[in-house]
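Structure file entry_0.csv with CSV, C-alpha atoms:
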chain,number,residue,atom,x,y,z
P,126,MET,CA,25.2,56.3,-46.4
P,127,PRO,CA,24.8,53.0,-44.5
P,128,ASP,CA,25.9,49.8,-46.2
P,129,LEU,CA,22.7,47.8,-46.9
P,130,THR,CA,24.7,44.7,-47.8
P,131,GLU,CA,26.3,44.6,-44.4
P,132,LYS,CA,22.9,44.9,-42.7
P,133,LYS,CA,21.5,42.1,-44.8
P,134,THR,CA,24.4,39.9,-43.9
P,135,THR,CA,24.0,40.6,-40.2
P,136,ALA,CA,20.3,39.9,-40.3
P,137,GLU,CA,20.9,36.6,-42.0
P,138,ILE,CA,23.3,35.3,-39.3
P,139,PRO,CA,20.5,34.3,-36.8
P,140,GLU,CA,18.6,32.5,-39.5
P,141,GLN,CA,21.7,30.6,-40.6
P,142,ARG,CA,22.4,29.6,-37.0
P,143,THR,CA,18.9,28.3,-36.6
P,144,ALA,CA,19.1,26.3,-39.8
P,145,THR,CA,22.5,24.9,-38.7
P,146,ALA,CA,21.0,23.9,-35.3
P,147,ALA,CA,18.0,22.3,-36.9
P,148,ALA,CA,20.2,20.3,-39.3
P,149,LYS,CA,22.4,19.0,-36.4
P,150,PRO,CA,21.6,15.3,-36.0
P,151,GLU,CA,20.1,14.1,-32.7
P,152,LYS,CA,22.2,12.2,-30.3
P,153,PRO,CA,21.6,8.4,-30.7
P,154,ARG,CA,19.7,6.8,-27.9
P,155,SER,CA,20.8,3.8,-26.0
P,156,LEU,CA,18.9,0.6,-25.9
P,157,GLY,CA,17.5,1.4,-22.5
P,158,SER,CA,16.4,4.9,-23.4
P,159,ASP,CA,14.9,3.7,-26.7
P,160,ALA,CA,13.0,1.0,-24.9
P,161,TRP,CA,11.7,3.4,-22.3
P,162,HIS,CA,10.6,5.8,-25.1
P,163,ASP,CA,8.5,2.9,-26.6
P,164,LEU,CA,7.2,1.6,-23.2
P,165,ARG,CA,5.7,5.0,-22.2
P,166,ARG,CA,3.5,4.9,-25.3
P,167,LYS,CA,2.1,1.4,-24.7
P,168,PRO,CA,-1.2,1.3,-22.8
P,169,ILE,CA,-0.5,-2.3,-21.7
P,170,PHE,CA,2.7,-1.2,-20.0
P,171,VAL,CA,1.1,1.8,-18.3
P,172,ILE,CA,-1.9,-0.3,-16.9
P,173,SER,CA,0.3,-3.1,-15.7
P,174,ALA,CA,2.9,-0.8,-14.2
P,175,LEU,CA,0.2,1.2,-12.3
P,176,LEU,CA,-1.4,-2.0,-11.0
P,177,ILE,CA,2.0,-3.4,-9.9
P,178,LEU,CA,2.8,-0.1,-8.2
P,179,LEU,CA,-0.6,-0.4,-6.3
P,180,LEU,CA,0.2,-3.9,-5.2
P,181,VAL,CA,3.6,-2.9,-4.0
P,182,VAL,CA,2.1,-0.1,-1.9
P,183,ILE,CA,-0.4,-2.5,-0.5
P,184,ALA,CA,2.4,-5.0,0.4
P,185,ILE,CA,4.5,-2.3,2.1
P,186,ALA,CA,1.7,-0.4,3.9
P,187,PRO,CA,-1.4,-2.6,4.2
P,188,GLY,CA,-2.6,-0.4,7.1
P,189,LEU,CA,-3.4,2.3,4.6
P,190,PHE,CA,-6.1,0.2,3.1
P,191,THR,CA,-7.7,-1.4,6.2
P,192,SER,CA,-7.5,-1.1,9.9
P,193,VAL,CA,-9.0,-4.5,10.6
P,194,ASP,CA,-6.8,-7.2,12.1
P,195,PRO,CA,-6.6,-10.0,9.5
P,196,ARG,CA,-5.9,-12.7,12.1
P,197,ALA,CA,-8.8,-11.6,14.5
P,198,GLY,CA,-11.5,-14.2,14.2
P,199,ASP,CA,-15.0,-13.8,15.6
P,200,LEU,CA,-17.5,-16.6,15.1
P,201,ARG,CA,-20.3,-14.2,15.3
P,202,ASN,CA,-19.3,-13.1,11.8
P,203,HIS,CA,-20.8,-16.0,10.0
P,204,TYR,CA,-19.3,-17.1,6.8
P,205,LEU,CA,-22.7,-17.6,5.2
P,206,THR,CA,-23.4,-13.9,5.6
P,207,LYS,CA,-23.1,-12.3,2.1
P,208,PRO,CA,-20.6,-9.6,1.5
P,209,ASN,CA,-21.8,-6.0,2.0
P,210,TYR,CA,-20.5,-4.3,-1.2
P,211,SER,CA,-21.8,-0.9,0.0
P,212,HIS,CA,-19.3,-1.0,2.9
P,213,LEU,CA,-16.2,0.0,0.9
P,214,PHE,CA,-12.9,-0.9,2.6
P,215,GLN,CA,-14.6,-2.1,5.7
P,216,ALA,CA,-14.4,-5.5,7.4
P,217,ASP,CA,-17.5,-7.0,5.8
P,218,TRP,CA,-16.9,-5.7,2.3
P,219,PHE,CA,-15.8,-9.1,1.0
P,220,GLY,CA,-17.6,-11.1,3.8
P,221,TYR,CA,-16.0,-13.4,6.4
P,222,ASP,CA,-14.3,-16.8,6.2
P,223,LEU,CA,-14.9,-20.0,8.3
P,224,GLN,CA,-13.2,-18.5,11.4
P,225,GLY,CA,-15.0,-15.2,11.2
P,226,ARG,CA,-12.0,-13.3,9.8
P,227,SER,CA,-12.4,-10.4,7.4
P,228,ILE,CA,-11.7,-11.7,3.8
P,229,TYR,CA,-11.0,-8.2,2.7
P,230,ALA,CA,-8.3,-7.7,5.4
P,231,ARG,CA,-6.7,-11.0,4.5
P,232,VAL,CA,-6.7,-10.2,0.8
P,233,VAL,CA,-4.9,-6.9,1.6
P,234,TYR,CA,-2.3,-8.4,3.9
P,235,GLY,CA,-1.8,-11.5,1.7
P,236,ALA,CA,-0.2,-9.3,-0.9
P,237,ARG,CA,2.9,-8.9,1.2
P,238,ALA,CA,3.9,-12.5,1.3
P,239,SER,CA,3.3,-13.0,-2.4
P,240,ILE,CA,5.1,-9.9,-3.5
P,241,ILE,CA,8.1,-10.6,-1.3
P,242,VAL,CA,8.4,-14.2,-2.5
P,243,GLY,CA,8.0,-13.2,-6.2
P,244,ILE,CA,10.6,-10.4,-6.0
P,245,CYS,CA,13.1,-12.2,-3.9
P,246,VAL,CA,13.0,-15.4,-6.0
P,247,THR,CA,13.3,-13.4,-9.2
P,248,VAL,CA,16.3,-11.5,-7.9
P,249,GLY,CA,17.9,-14.7,-6.6
P,250,VAL,CA,17.4,-16.8,-9.8
P,251,THR,CA,18.5,-13.8,-12.0
P,252,VAL,CA,21.8,-13.3,-10.0
P,253,LEU,CA,22.6,-17.0,-9.6
P,254,GLY,CA,21.6,-18.1,-13.1
P,255,GLY,CA,23.0,-14.9,-14.7
P,256,ILE,CA,26.5,-15.4,-13.2
P,257,ALA,CA,26.5,-19.1,-14.1
P,258,GLY,CA,25.3,-18.5,-17.6
P,259,MET,CA,27.8,-15.6,-18.1
P,260,VAL,CA,30.7,-17.7,-16.9
P,261,ALA,CA,29.7,-20.7,-19.1
P,262,GLY,CA,29.1,-18.6,-22.2
P,263,TYR,CA,32.2,-16.5,-21.9
P,264,PHE,CA,34.9,-19.2,-21.1
P,265,GLY,CA,33.3,-22.1,-23.0
P,266,GLY,CA,35.3,-25.3,-23.2
P,267,TRP,CA,35.2,-27.6,-20.1
P,268,VAL,CA,33.8,-24.8,-17.9
P,269,ASP,CA,30.8,-24.5,-20.2
P,270,THR,CA,30.4,-28.3,-20.3
P,271,ILE,CA,30.4,-28.7,-16.5
P,272,ILE,CA,28.0,-25.8,-15.9
P,273,SER,CA,25.7,-27.0,-18.7
P,274,ARG,CA,25.5,-30.6,-17.4
P,275,ILE,CA,24.8,-29.3,-13.8
P,276,THR,CA,22.1,-27.1,-15.3
P,277,ASP,CA,20.6,-30.1,-17.2
P,278,ILE,CA,20.4,-32.1,-14.0
P,279,PHE,CA,18.5,-29.3,-12.1
P,280,PHE,CA,16.4,-28.5,-15.2
P,281,GLY,CA,15.1,-32.1,-15.2
P,282,ILE,CA,13.6,-31.6,-11.7
P,283,PRO,CA,10.1,-30.1,-11.9
P,284,LEU,CA,10.0,-26.8,-10.0
P,285,LEU,CA,6.8,-27.6,-8.1
P,286,LEU,CA,7.6,-31.2,-7.3
P,287,GLY,CA,11.2,-30.4,-6.3
P,288,SER,CA,9.9,-27.6,-4.1
P,289,LEU,CA,7.6,-30.0,-2.3
P,290,VAL,CA,10.6,-32.2,-1.5
P,291,VAL,CA,12.8,-29.4,-0.4
P,292,LEU,CA,10.2,-27.7,1.8
P,293,ASN,CA,9.5,-31.0,3.6
P,294,ALA,CA,13.0,-30.7,5.1
P,295,PHE,CA,12.0,-27.5,6.9
P,296,THR,CA,10.2,-27.8,10.3
P,297,SER,CA,8.9,-24.3,10.0
P,298,ARG,CA,8.0,-23.1,6.5
P,299,THR,CA,8.3,-19.3,6.3
P,300,VAL,CA,8.6,-16.8,3.4
P,301,TRP,CA,12.4,-17.3,3.3
P,302,SER,CA,12.2,-21.1,3.2
P,303,VAL,CA,9.9,-20.9,0.2
P,304,VAL,CA,12.3,-18.4,-1.4
P,305,PHE,CA,15.2,-20.7,-0.8
P,306,ALA,CA,13.4,-23.7,-2.3
P,307,LEU,CA,12.3,-21.8,-5.5
P,308,VAL,CA,15.8,-20.2,-6.0
P,309,ALA,CA,17.6,-23.5,-5.5
P,310,LEU,CA,15.6,-25.1,-8.3
P,311,GLY,CA,14.5,-22.2,-10.5
P,312,TRP,CA,17.9,-20.7,-11.6
P,313,THR,CA,18.4,-23.0,-14.6
P,314,GLN,CA,16.2,-21.1,-17.1
P,315,MET,CA,18.1,-17.9,-16.4
P,316,THR,CA,21.4,-19.7,-16.9
P,317,ARG,CA,20.4,-21.0,-20.4
P,318,VAL,CA,19.1,-17.6,-21.5
P,319,MET,CA,22.2,-15.7,-20.3
P,320,ARG,CA,24.6,-18.3,-21.7
P,321,GLY,CA,23.0,-18.0,-25.2
P,322,SER,CA,23.1,-14.3,-25.0
P,323,VAL,CA,26.7,-14.1,-23.9
P,324,ILE,CA,27.8,-16.5,-26.7
P,325,THR,CA,26.2,-14.1,-29.2
P,326,VAL,CA,27.6,-10.9,-27.7
P,327,LYS,CA,31.2,-12.1,-27.2
P,328,GLN,CA,31.6,-12.5,-30.9
P,329,ALA,CA,31.0,-8.8,-31.5
P,330,ASP,CA,33.7,-6.5,-32.8
P,331,PHE,CA,33.8,-4.3,-29.7
P,332,VAL,CA,34.6,-7.3,-27.5
P,333,THR,CA,37.4,-8.2,-29.9
P,334,ALA,CA,38.7,-4.6,-29.8
P,335,ALA,CA,38.6,-4.6,-26.0
P,336,LYS,CA,40.7,-7.8,-25.8
P,337,ALA,CA,43.2,-6.3,-28.3
P,338,LEU,CA,43.5,-3.2,-26.1
P,339,GLY,CA,44.4,-5.4,-23.2
P,340,ALA,CA,41.2,-5.2,-21.1
P,341,GLY,CA,41.0,-7.7,-18.3
P,342,THR,CA,38.5,-10.5,-18.2
P,343,GLY,CA,36.4,-8.9,-15.5
P,344,ARG,CA,36.2,-5.6,-17.3
P,345,ILE,CA,35.2,-7.3,-20.6
P,346,MET,CA,32.5,-9.4,-18.9
P,347,PHE,CA,30.9,-6.7,-16.7
P,348,LYS,CA,31.6,-3.6,-18.8
P,349,HIS,CA,31.1,-4.8,-22.3
P,350,ILE,CA,29.3,-8.2,-22.4
P,351,LEU,CA,26.9,-7.9,-19.5
P,352,PRO,CA,25.2,-4.6,-20.5
P,353,ASN,CA,24.6,-6.0,-24.0
P,354,ALA,CA,23.5,-9.5,-23.0
P,355,ILE,CA,21.2,-8.6,-20.1
P,356,ALA,CA,18.1,-7.6,-22.1
P,357,PRO,CA,16.7,-11.2,-22.7
P,358,VAL,CA,17.3,-12.0,-19.1
P,359,ILE,CA,15.3,-9.0,-18.0
P,360,VAL,CA,12.4,-10.0,-20.2
P,361,VAL,CA,12.4,-13.6,-18.9
P,362,ALA,CA,12.7,-12.5,-15.3
P,363,THR,CA,9.8,-10.1,-15.6
P,364,ILE,CA,7.5,-12.7,-17.0
P,365,ALA,CA,8.7,-15.4,-14.6
P,366,LEU,CA,8.0,-13.2,-11.5
P,367,GLY,CA,4.3,-13.8,-11.9
P,368,GLY,CA,4.9,-17.5,-12.3
P,369,TYR,CA,6.8,-17.6,-9.0
P,370,ILE,CA,3.9,-15.9,-7.2
P,371,ALA,CA,1.6,-18.5,-8.6
P,372,THR,CA,3.9,-21.3,-7.5
P,373,GLU,CA,4.1,-19.9,-4.0
P,374,ALA,CA,0.2,-19.8,-3.9
P,375,THR,CA,0.1,-23.4,-5.2
P,376,LEU,CA,2.5,-24.7,-2.6
P,377,SER,CA,0.5,-22.9,0.2
P,378,PHE,CA,-2.7,-24.3,-1.2
P,379,LEU,CA,-1.2,-27.8,-1.1
P,380,GLY,CA,-0.3,-27.2,2.6
P,381,ILE,CA,3.5,-27.5,1.9
P,382,GLY,CA,4.2,-23.8,1.4
P,383,LEU,CA,3.6,-20.9,3.8
P,384,GLN,CA,1.9,-21.7,7.1
P,385,ASP,CA,-0.1,-19.8,9.7
P,386,PRO,CA,0.4,-17.3,11.1
P,387,THR,CA,1.7,-16.1,7.7
P,388,ILE,CA,-1.1,-14.7,5.6
P,389,SER,CA,-1.2,-16.0,2.0
P,390,TRP,CA,-3.7,-16.1,-0.8
P,391,GLY,CA,-2.9,-19.8,-1.3
P,392,ILE,CA,-3.8,-20.6,2.4
P,393,ASP,CA,-7.1,-18.7,2.1
P,394,ILE,CA,-7.9,-20.5,-1.2
P,395,ASN,CA,-7.2,-23.8,0.6
P,396,SER,CA,-9.6,-22.9,3.4
P,397,ALA,CA,-12.3,-21.6,1.1
P,398,GLN,CA,-12.5,-24.8,-1.0
P,399,LYS,CA,-14.5,-26.4,1.9
P,400,VAL,CA,-17.3,-23.9,1.5
P,401,ILE,CA,-17.1,-23.3,-2.2
P,402,ARG,CA,-20.8,-24.2,-2.8
P,403,THR,CA,-22.3,-22.3,0.1
P,404,ALA,CA,-19.9,-19.3,0.2
P,405,PRO,CA,-18.1,-19.0,-3.2
P,406,PHE,CA,-17.1,-15.4,-2.4
P,407,ALA,CA,-14.6,-16.8,0.1
P,408,LEU,CA,-12.7,-18.4,-2.8
P,409,PHE,CA,-13.4,-15.8,-5.4
P,410,PHE,CA,-11.7,-12.8,-3.8
P,411,PRO,CA,-8.2,-14.3,-2.9
P,412,ALA,CA,-8.2,-16.3,-6.1
P,413,GLY,CA,-9.2,-13.2,-8.1
P,414,MET,CA,-6.5,-11.1,-6.5
P,415,LEU,CA,-3.9,-13.8,-7.2
P,416,SER,CA,-4.9,-14.0,-10.8
P,417,LEU,CA,-4.9,-10.2,-11.2
P,418,THR,CA,-1.3,-10.0,-9.8
P,419,VAL,CA,0.0,-12.8,-12.0
P,420,LEU,CA,-1.7,-11.2,-15.0
P,421,ALA,CA,-0.1,-7.8,-14.2
P,422,PHE,CA,3.4,-9.1,-14.2
P,423,ILE,CA,2.8,-11.2,-17.4
P,424,MET,CA,1.5,-8.1,-19.2
P,425,LEU,CA,4.5,-6.1,-18.0
P,426,GLY,CA,6.8,-8.8,-19.2
P,427,ASP,CA,5.2,-8.9,-22.6
P,428,ALA,CA,5.5,-5.1,-22.9
P,429,VAL,CA,9.2,-5.2,-21.9
P,430,ARG,CA,9.8,-8.0,-24.4
P,431,ASP,CA,8.3,-6.0,-27.3
P,432,ALA,CA,10.4,-2.9,-26.3
P,433,LEU,CA,13.7,-4.7,-26.0
P,434,ASP,CA,13.4,-7.1,-28.9
P,435,PRO,CA,14.5,-5.3,-32.1
P,436,LYS,CA,12.8,-7.9,-34.3
P,437,LEU,CA,9.4,-6.9,-32.8
P,438,ARG,CA,9.7,-3.2,-33.5
Please rewrite the model in this file as structure tokens.
Amino acid sequence: MPDLTEKKTTAEIPEQRTATAAAKPEKPRSLGSDAWHDLRRKPIFVISALLILLLVVIAIAPGLFTSVDPRAGDLRNHYLTKPNYSHLFQADWFGYDLQGRSIYARVVYGARASIIVGICVTVGVTVLGGIAGMVAGYFGGWVDTIISRITDIFFGIPLLLGSLVVLNAFTSRTVWSVVFALVALGWTQMTRVMRGSVITVKQADFVTAAKALGAGTGRIMFKHILPNAIAPVIVVATIALGGYIATEATLSFLGIGLQDPTISWGIDINSAQKVIRTAPFALFFPAGMLSLTVLAFIMLGDAVRDALDPKLR
């Protein structure tokens, strides 16, 4: 006669395994994975990220969106002719400017200069300011004093005014000269943010333990402190990127930034101010595209800040 007790015990084994697997705690997520988990559920992040992705695609491959030469002017295309909104993605969709050039084509190609300037300046100030701030915050003492005083000197120079002075030294003002001017004067904010973050992190127990185990300075700074101090810098850099794009447009509008034949929204806004009463659309479209781009990066920065800041959870 079969042993019913043995069968019962055998039948209960899968159930016990299932219960044990269910009771097993989940693996804790890192700050990055936890932030990404929150970001994916924020509509503001999804909208801004998709918009920025579209702008990047436009900057990389403007030919996908228009086949019109943005520099080809034809005075037969009068700027007083109203835009033809039924001609989607065609030359007269946004109308023409004073020189008979397609406003739509120039809006599309103008994204390239703005995106390049914004990204390159953000990377430059983050690297330069991050290294200076990390060195100052970690070593302290006279190293911190020297770097802080130099930072204060540069911080006292207004970014826009200082850029005007620096760019006047260039005979030919291209994208890279604008990037140089903004990086040379805009690294101070990142330095202060990184310095404060490093001072907080270096007092943590895991840093003390790493020192006790004989870890070198470079390993402690880049393996232990940097990953835990970079979050505030990422937030500030994301928000500041939109500001650098606006600064580039302002410099180009004032005639001291990018110059022809480079296509820039700021240059087009400057040209359109002469006909703002008779042809306001010539000003509206490049200015609207600029505002939309800056807004997208600011929205992205706000979403990243909320995800990385534990106090806002």
Choose the residue, out of P:Arg402, P:Lys336, P:Arg165, P:Arg274, that has the smallest atom-to-atom separation from Leu205 of chain P; count all atoms listed in the file.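 Counting all atoms listed in the file, the residue closest to Leu205 of chain P is P:Arg402.
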Could you produce a table of the residues of segment 160-233 of chain P lying within 9 Å of segment 424-432 of chain P, with the nearest pair of atoms per residue and their separation in Å rounded to one decimal, using all atoms listed in the file, ordered by chain and increasing residue number, as a Markdown table?
| residue | atom | partner | partner_atom | distance |
| --- | --- | --- | --- | --- |
| P:Ala160 | CA | P:Ala432 | CA | 4.9 |
| P:Trp161 | CA | P:Ala432 | CA | 7.6 |
| P:His162 | CA | P:Ala432 | CA | 8.8 |
| P:Asp163 | CA | P:Ala432 | CA | 6.1 |
| P:Leu164 | CA | P:Ala432 | CA | 6.3 |
| P:Lys167 | CA | P:Ala428 | CA | 7.6 |
| P:Ile169 | CA | P:Met424 | CA | 6.6 |
| P:Phe170 | CA | P:Leu425 | CA | 5.6 |
| P:Val171 | CA | P:Leu425 | CA | 8.6 |
| P:Ile172 | CA | P:Leu425 | CA | 8.7 |
| P:Ser173 | CA | P:Leu425 | CA | 5.7 |
| P:Ala174 | CA | P:Leu425 | CA | 6.7 |
| P:Ile177 | CA | P:Leu425 | CA | 8.9 |
Residue nearest Ala356 of chain P among P:Gly321, P:Gly339, P:Gly287, P:Gly382 (counting only C-alpha atoms): P:Gly321
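With distances restricted to only C-alpha atoms, P:Phe422 is the closest residue to Ile370 of chain P from P:Phe422, P:Phe331, P:Tyr229, P:Trp218.
The interatomic distance for the pair atom CA of Leu285 of chain P and atom CA of Val304 of chain P works out to 12.6 Å.
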Counting all atoms listed in the file, closest pick from P:Ser273, P:Tyr263, P:Glu373, P:Ala407 relative to Val332 of chain P is P:Tyr263
Could you check how far atom CA of Leu351 of chain P sits from atom CA of Asp269 of chain P, in Å to one decimal? 17.1 Å
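Minimum distance to Leu286 of chain P across P:Thr316, P:Ala397, P:Phe347, P:Leu379 (counting all atoms listed in the file) occurs at P:Leu379.
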